[in-house]
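See structure below.
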2 protein chains.
Amino acid sequence: MTAEIFAVGTELLMGQIANTNAQYISAKLPDIGINVFFHQVSGDNPARLNDALRVALGRSDIVIMTGGLGPTMDDLTKETVAGCFGKKMVMDEESMSRIRARMASYGNRTMSKNNERQAYFPEGAIIMSNENGTAPGCIIEEGGKTVIMLPGPPSEMRPMFDGKVMPFLGKYAQYRLESRFLRVFGIGESRLEDMLKDIVEAQSNPTIATYAKEGEVTVRVTARYPAAGGNDGGSGDIVSGEEGGGQGDGGSSDSGSSKSGVSGGGQGDIIAPIVDIVRERVGDCLYSTEDEDMEAAALAALKRRGLTLSLAESCTGGLMASRITDVPGSSEAFVSSAVTYSNESKMALLGVRAETLCSFGAVSAETAREMAEGARRVFGSDIAVSATGIAGPGGGSPEKPAGLVYLALSCAGGTYTKELRLNGPRARVRNIACLNAFDMIRRAALGLPQVD
Amino acid sequence: MTAEIFAVGTELLMGQIANTNAQYISAKLPDIGINVFFHQVSGDNPARLNDALRVALGRSDIVIMTGGLGPTMDDLTKETVAGCFGKKMVMDEESMSRIRARMASYGNRTMSKNNERQAYFPEGAIIMSNENGTAPGCIIEEGGKTVIMLPGPPSEMRPMFDGKVMPFLGKYAQYRLESRFLRVFGIGESRLEDMLKDIVEAQSNPTIATYAKEGEVTVRVTARYPAAGGNDGGSGDIVSGEEGGGQGDGGSSDSGSSKSGVSGGGQGDIIAPIVDIVRERVGDCLYSTEDEDMEAAALAALKRRGLTLSLAESCTGGLMASRITDVPGSSEAFVSSAVTYSNESKMALLGVRAETLCSFGAVSAETAREMAEGARRVFGSDIAVSATGIAGPGGGSPEKPAGLVYLALSCAGGTYTKELRLNGPRARVRNIACLNAFDMIRRAALGLPQVD
């Protein structure tokens, strides 16, 4: 079965937002053996929406649409699909009363005509109730094609997709793909590809591919197993009115199989041997075999050793702390961060010496050292990491250009400093400074050597 | 002229990344009167790439492709386009020597055969040198169609697009679109649409549309002017070897016309009267007429009044400081932030009293108040804002559920506290807590009343 993700929304074509819905859905469909071969985006214009829909139906078995289910006159997804299949629009009583109840709970005593349109569906559609917004979704199955219509806002789309669409589509699964994502930091994509060239070329199941992300590389190992047959979740229970099925959003993605080690139908785990080969060749630069971000890997390492962490940030401006605290359970290890943007606050909060700032400047290994040692002392943590530098684009000079960042890690064993000379833009400098800092924390916690 | 943005990359279809390239390009093309009507994504598979390309050429005048120019065997964009137009692939000497020089600067004495492929182009293509990576881009113009091929990595794509593609396409502009984006916080999309219904329906030039973002609404006012004729930038000077043209990335988006007040060709500014109507109806809830994020608006307000700001964050974990420091020039107003994740650090750093924590708990208006007043005292800033709450998904209780957040703002005039009860997920709670905090700062700095 092949799928196409088709987002409707002029705001996408005008570049106001990125198509994160397509990303979310695409990451999950392979788990049930459905290949996503295309994405499309069209705007609200009915003629072009119709054309794009026909393109999708011409080349894909399953078309998953997001957007265009809202209450405004521009929301025409259901009508266009109905037109494509020669169906009329009919009202669903259950949906109508749920919408009325929701509008009432917002304090609107009367519903506008616009909201009423959200209770109309192509005749014969399976209706999916929306626990997180007004617009129900729906599914049409006809002539060997399946069209799934979901709301646009991610906070509404994701629970409906997870709780209703995934179980519904599970019945198509002939085989299952399971991917493990290995995260590598400290080796560039080109060099890593050379290091793995032989297994990349030799393998057909699992397949191996490398993807460069900013500052790091992901190795995807994908195995294909026969479908287990039978699925969890009530694939039949998705008619309008059913409350359950919505998966709570835990903040971090929980795309099941890419994290589990579950293998399919009695076959052995064919991914594990590949992971072992990669680990052998890449060594400590392999920081996660579970697609964790570096900050999560660092936190896990701290928790494993029962160590606490504090931070002293200047050029990263709170980003380091923000990313650490984004990881669930961070409060067990993370104590505090001081974002000391000015020289005064570096001195007042962290005890950085005026002489150090005068002799070496705020952007120096010496200042980074004192920031880290000061944070460790003030916050009483086992490990403290600091970052001071010039994120750019402004603020640089010939001696200290934009992209120059000093990191320091202070722990019982001493203080380690690291100099980075990064290429902009600003967000990239801050991101790569964070990656390096988190890697230093991971290595210190696990007793691995630091690297330049 | 209509355009289609076509990204090539299996990592997009597998949901590993979102298509930010399409967003970036789509935001800029309307400035030169080119409408983007479709986006597509296909993977590396040659047959499907070819099919998707033919769909694009069938419905769009200009096809802008990103990705598939790399050195690996999966990178087939140029070959597929050449095949579509019946052209052979020829080597460009200039590109070959530039690639050799770049590989040498990385310390690779010999180039791999893979890298050499990056110096081959469809015969007759205009070549665009890449100042930020190895793969040059190129353009084919034939039979009324234009196909533009750009590298996938955003740090390489953006400068090439800004510096070479935009001037090149500028010659097609028959009219110019200019958009102003008005940002509104504190009024929901549905209610705002009702408030503006009459002008939305009456207007054809400019057009007006509302877009909901998480926690706020954007009003887009788009005017259409005749093209000025003649363009800045050397639209002819984009052959391989030309060094200039790359626009530095300033970190924050600088999509020219959406920020300038420039009107086209002698006509008056037809957007300004609409902005005035919106401002009149929406009042203080209109926080920017220049598409600034709330943190930028807050910073601008602080700088206008010469006020300094510090922060004390718990549940937002450094995100507030990180977003504030992301705004260029923040060091003029922003002093420091303490991310006090534990009760101990709230007491040690900010002087929050143990009795307050015992009587009311960390998540309370009283604790928020003491955090803000403490930060203001410790950092010596004019204004200090604190946030303490439960971002979720865990950590809640019946009395204090996930999504409960207390904010406080301390200034010379006193301390204002605000209670929020937000729906998850975690990132949404943190984002909306930040939006509210930045709005409180903006209002305090501008002398506007605070709102609940």
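Every chain in the structure tokens takes a letter, A first, then B, and so on in the order presented; its residues are numbered from 1, and the ligands are numbered from 1 following the presented order.
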Can you check which residues of range 160-201 of chain A DSSP gives as helix (DSSP H, G or I) on the backbone and send them as a VMD selection string?
chain A and resid 160 to 172 189 to 201
For chain B, work out the contacting residues on chain A at 8 Å, counting only C-alpha atoms, and write them as a PyMOL selection string.
chain A and resi 11-20+22-28+30+36-43+48+55+155+211+249-251+316-322+325-326+331+334-342+345+379+392-393+424-427
If you count only C-alpha atoms, which residues fall within 12 Å of Cys84 in chain A, apart from same-chain ones fewer than 5 positions away, as a ChimeraX atom specification?
/A:46-47,49-58,77-79,122,140,142-143,145,147
Taking the chain letters and numbering used in this document, name the residues of range 315-381 of chain A that DSSP puts in strand (DSSP E), as a ChimeraX atom specification.
/A:334-340
Can you tell me which residues surround Glu141 in chain A at a distance of at most 10 Å, considering only C-alpha atoms, apart from same-chain residues fewer than 6 positions away, and format the answer as a list in words?
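Selected residues are Ile62, Phe85, Gly124, Ala125, Ile126, Val147 and Ile148 of chain A.
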For the atom pair CA of Leu404 in chain B and CA of Glu419 in chain B, what is the interatomic distance in Å to one decimal place?
7.4 Å
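Atom pair CA of Val217 in chain B / CA of Asp284 in chain B: separated by 13.8 Å.
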